[in-house]
Amino acid sequence: MERYHHYYDRYWTHKRSRELEQGDLVMAVQNKSDHIQNKLNVTWIEAQFLKDGLNVLTKCRTMLQYSYILAYYLVRSPQTVIFEENQKDLEHNTELLSGLLDDQSLPKSKKELLDLKMKLTNRAAYCERRRIVLLKDVQSGYDKGIWKYRDVT
């Protein structure tokens with residue numbers, strides 16, 4: 001039962017986070033984007049990195065959410081250990097990306113804007129690469145018949 005609760009909690013945590021981020025964080029990102037455009041005199045395309053980061057965050061949350069369902073049913077093996085490490089790395093970096101997007105401080109200069117853009121773009125790119133690694137790992141496990149499933153009946 002403890003195993004079930006662990007995976008259930010992880011699933012719902014990412015589901016709730018994604019839903020909250022789709023509401024509150026979308027507005028915060030839009031406000032930050034508007035501030036950057038108006039106060040720092042940059043074009044909307046130069047502020048697009050915020051929305052791009054939010055899109056990556058959403059994809060990562062969705063991937064993590066459903067990866068916990070798969071993880072619950074998998075029989076422990078060397079391949080599942082690798083899968084769980086990839087999952088853990090994606091989860092950690094997804095939280096860091098979320099923190100960057102959720103940061104309420106607004107850049108006051110172009111230098112601060114460039115620093116924010118570099119941090120957020122690099123973190124989003126890393127998260128996207130890790131999401132793809134996890135996705136390919138899942139697909140490879142299916143294709144090669146590596147995954148063995150627990151009998152939960």
# chains A, B, ... in the order shown; residues from 1 in each chain; ligands from 1

call {"tool": "closest_atom_pairs", "arguments": {"of": "range 61-92 of chain A", "to": "range 126-137 of chain A", "cutoff": "8 Å", "atoms": "only C-alpha atoms", "output": "JSON lines"}}
result
{"residue": "A:Met63", "atom": "CA", "partner": "A:Arg131", "partner_atom": "CA", "distance": 7.0}
{"residue": "A:Phe83", "atom": "CA", "partner": "A:Asp137", "partner_atom": "CA", "distance": 6.8}
{"residue": "A:Asn86", "atom": "CA", "partner": "A:Leu134", "partner_atom": "CA", "distance": 6.1}
{"residue": "A:Gln87", "atom": "CA", "partner": "A:Leu134", "partner_atom": "CA", "distance": 6.7}
{"residue": "A:Asp89", "atom": "CA", "partner": "A:Arg130", "partner_atom": "CA", "distance": 7.6}
{"residue": "A:Leu90", "atom": "CA", "partner": "A:Arg130", "partner_atom": "CA", "distance": 5.8}

call {"tool": "select_by_dssp", "arguments": {"residues": "range 4-151 of chain A", "states": "helix (DSSP H, G or I)", "output": "PyMOL selection string"}}
result
chain A and resi 4-39+44-73+78-102+110-143

call {"tool": "closest_residue", "arguments": {"among": "A:Thr43, A:Asn38, A:Ser77, A:Thr13", "to": "Gln65 in chain A", "atoms": "only C-alpha atoms"}}
result
A:Thr13

call {"tool": "residues_around", "arguments": {"residues": "range 138-153 of chain A", "least_positions_apart": "4", "cutoff": "7 Å", "atoms": "only C-alpha atoms", "output": "count of residues only"}}
result
4

call {"tool": "closest_residue", "arguments": {"among": "A:Glu84, A:Val29, A:Gly99, A:Asp52", "to": "Tyr72 in chain A", "atoms": "only C-alpha atoms"}}
result
A:Glu84

call {"tool": "residues_around", "arguments": {"residues": "range 47-51 of chain A", "least_positions_apart": "3", "cutoff": "7 Å", "atoms": "only C-alpha atoms", "output": "PyMOL selection string"}}
result
chain A and resi 29+33+36-37+43-44+54-55+117+121

call {"tool": "residues_around", "arguments": {"residues": "Tyr7 in chain A", "least_positions_apart": "3", "cutoff": "12 Å", "atoms": "only C-alpha atoms", "output": "PyMOL selection string"}}
result
chain A and resi 1-4+10-14+64-74+84

call {"tool": "write_last_selection", "arguments": {"atoms": "N, CA, C and O atoms", "output": "PDB file, in the first residue's frame"}}
result
ATOM      1  N   MET A   1       0.815  -1.192   0.000  1.00  0.00           N
ATOM      2  CA  MET A   1       0.000   0.000   0.000  1.00  0.00           C
ATOM      3  C   MET A   1       0.866   1.266   0.000  1.00  0.00           C
ATOM      4  O   MET A   1       0.487   2.265  -0.584  1.00  0.00           O
ATOM      5  N   GLU A   2       2.009   1.197   0.667  1.00  0.00           N
ATOM      6  CA  GLU A   2       2.911   2.341   0.717  1.00  0.00           C
ATOM      7  C   GLU A   2       3.407   2.707  -0.684  1.00  0.00           C
ATOM      8  O   GLU A   2       3.498   3.883  -1.035  1.00  0.00           O
ATOM      9  N   ARG A   3       3.726   1.674  -1.462  1.00  0.00           N
ATOM     10  CA  ARG A   3       4.174   1.892  -2.844  1.00  0.00           C
ATOM     11  C   ARG A   3       3.087   2.621  -3.637  1.00  0.00           C
ATOM     12  O   ARG A   3       3.360   3.582  -4.353  1.00  0.00           O
ATOM     13  N   TYR A   4       1.873   2.152  -3.505  1.00  0.00           N
ATOM     14  CA  TYR A   4       0.749   2.766  -4.211  1.00  0.00           C
ATOM     15  C   TYR A   4       0.635   4.245  -3.842  1.00  0.00           C
ATOM     16  O   TYR A   4       0.507   5.108  -4.714  1.00  0.00           O
ATOM     17  N   ARG A  10       2.760  11.259  -6.193  1.00  0.00           N
ATOM     18  CA  ARG A  10       3.585  11.899  -7.231  1.00  0.00           C
ATOM     19  C   ARG A  10       2.726  12.267  -8.442  1.00  0.00           C
ATOM     20  O   ARG A  10       2.868  13.341  -9.005  1.00  0.00           O
ATOM     21  N   TYR A  11       1.846  11.367  -8.844  1.00  0.00           N
ATOM     22  CA  TYR A  11       0.949  11.635  -9.971  1.00  0.00           C
ATOM     23  C   TYR A  11       0.108  12.885  -9.700  1.00  0.00           C
ATOM     24  O   TYR A  11       0.060  13.816 -10.510  1.00  0.00           O
ATOM     25  N   TRP A  12      -0.561  12.915  -8.537  1.00  0.00           N
ATOM     26  CA  TRP A  12      -1.455  14.030  -8.233  1.00  0.00           C
ATOM     27  C   TRP A  12      -0.699  15.326  -7.984  1.00  0.00           C
ATOM     28  O   TRP A  12      -1.203  16.413  -8.287  1.00  0.00           O
ATOM     29  N   THR A  13       0.499  15.260  -7.446  1.00  0.00           N
ATOM     30  CA  THR A  13       1.299  16.465  -7.233  1.00  0.00           C
ATOM     31  C   THR A  13       1.586  17.148  -8.565  1.00  0.00           C
ATOM     32  O   THR A  13       1.413  18.368  -8.698  1.00  0.00           O
ATOM     33  N   HIS A  14       2.001  16.376  -9.551  1.00  0.00           N
ATOM     34  CA  HIS A  14       2.300  16.976 -10.857  1.00  0.00           C
ATOM     35  C   HIS A  14       1.035  17.408 -11.577  1.00  0.00           C
ATOM     36  O   HIS A  14       1.032  18.432 -12.269  1.00  0.00           O
ATOM     37  N   LEU A  64       5.898  13.829 -16.493  1.00  0.00           N
ATOM     38  CA  LEU A  64       6.135  13.300 -15.149  1.00  0.00           C
ATOM     39  C   LEU A  64       4.875  12.692 -14.560  1.00  0.00           C
ATOM     40  O   LEU A  64       4.921  11.604 -13.970  1.00  0.00           O
ATOM     41  N   GLN A  65       3.775  13.371 -14.737  1.00  0.00           N
ATOM     42  CA  GLN A  65       2.501  12.885 -14.194  1.00  0.00           C
ATOM     43  C   GLN A  65       2.246  11.455 -14.654  1.00  0.00           C
ATOM     44  O   GLN A  65       1.994  10.567 -13.835  1.00  0.00           O
ATOM     45  N   TYR A  66       2.323  11.230 -15.936  1.00  0.00           N
ATOM     46  CA  TYR A  66       1.996   9.901 -16.458  1.00  0.00           C
ATOM     47  C   TYR A  66       3.128   8.894 -16.283  1.00  0.00           C
ATOM     48  O   TYR A  66       2.881   7.693 -16.243  1.00  0.00           O
ATOM     49  N   SER A  67       4.350   9.385 -16.126  1.00  0.00           N
ATOM     50  CA  SER A  67       5.461   8.451 -15.915  1.00  0.00           C
ATOM     51  C   SER A  67       5.335   7.743 -14.568  1.00  0.00           C
ATOM     52  O   SER A  67       5.810   6.619 -14.401  1.00  0.00           O
ATOM     53  N   TYR A  68       4.673   8.391 -13.598  1.00  0.00           N
ATOM     54  CA  TYR A  68       4.497   7.748 -12.295  1.00  0.00           C
ATOM     55  C   TYR A  68       3.486   6.611 -12.350  1.00  0.00           C
ATOM     56  O   TYR A  68       3.578   5.669 -11.571  1.00  0.00           O
ATOM     57  N   ILE A  69       2.550   6.685 -13.264  1.00  0.00           N
ATOM     58  CA  ILE A  69       1.630   5.553 -13.451  1.00  0.00           C
ATOM     59  C   ILE A  69       2.416   4.358 -13.967  1.00  0.00           C
ATOM     60  O   ILE A  69       2.292   3.246 -13.451  1.00  0.00           O
ATOM     61  N   LEU A  70       3.238   4.582 -14.988  1.00  0.00           N
ATOM     62  CA  LEU A  70       4.056   3.503 -15.526  1.00  0.00           C
ATOM     63  C   LEU A  70       4.982   2.941 -14.451  1.00  0.00           C
ATOM     64  O   LEU A  70       5.074   1.721 -14.274  1.00  0.00           O
ATOM     65  N   ALA A  71       5.653   3.818 -13.727  1.00  0.00           N
ATOM     66  CA  ALA A  71       6.616   3.376 -12.712  1.00  0.00           C
ATOM     67  C   ALA A  71       5.959   2.482 -11.660  1.00  0.00           C
ATOM     68  O   ALA A  71       6.582   1.524 -11.186  1.00  0.00           O
ATOM     69  N   TYR A  72       4.727   2.775 -11.308  1.00  0.00           N
ATOM     70  CA  TYR A  72       4.026   1.960 -10.316  1.00  0.00           C
ATOM     71  C   TYR A  72       3.902   0.511 -10.778  1.00  0.00           C
ATOM     72  O   TYR A  72       4.071  -0.419  -9.990  1.00  0.00           O
ATOM     73  N   TYR A  73       3.630   0.309 -12.038  1.00  0.00           N
ATOM     74  CA  TYR A  73       3.376  -1.038 -12.550  1.00  0.00           C
ATOM     75  C   TYR A  73       4.639  -1.803 -12.935  1.00  0.00           C
ATOM     76  O   TYR A  73       4.580  -3.011 -13.145  1.00  0.00           O
ATOM     77  N   LEU A  74       5.774  -1.120 -13.055  1.00  0.00           N
ATOM     78  CA  LEU A  74       6.986  -1.797 -13.492  1.00  0.00           C
ATOM     79  C   LEU A  74       7.606  -2.658 -12.400  1.00  0.00           C
ATOM     80  O   LEU A  74       7.674  -2.264 -11.237  1.00  0.00           O
ATOM     81  N   GLU A  84      13.975   5.470 -13.403  1.00  0.00           N
ATOM     82  CA  GLU A  84      13.664   6.277 -12.224  1.00  0.00           C
ATOM     83  C   GLU A  84      14.685   7.390 -12.000  1.00  0.00           C
ATOM     84  O   GLU A  84      14.332   8.472 -11.526  1.00  0.00           O
TER      85      GLU A  84
END

call {"tool": "closest_residue", "arguments": {"among": "A:Ser109, A:Met118, A:Cys60, A:Ala124", "to": "His35 in chain A", "atoms": "only C-alpha atoms"}}
result
A:Ser109

call {"tool": "atom_distance", "arguments": {"atom1": "CA of Asp9 in chain A", "atom2": "CA of Lys88 in chain A"}}
result
14.6 Å

call {"tool": "atom_distance", "arguments": {"atom1": "CA of Leu101 in chain A", "atom2": "CA of Gln22 in chain A"}}
result
12.0 Å

call {"tool": "closest_residue", "arguments": {"among": "A:Ile45, A:Met27, A:Leu40, A:Leu57", "to": "Asn93 in chain A", "atoms": "only C-alpha atoms"}}
result
A:Leu57

call {"tool": "closest_residue", "arguments": {"among": "A:Lys111, A:Arg76, A:Lys119, A:Arg61", "to": "Glu95 in chain A", "atoms": "only C-alpha atoms"}}
result
A:Arg61
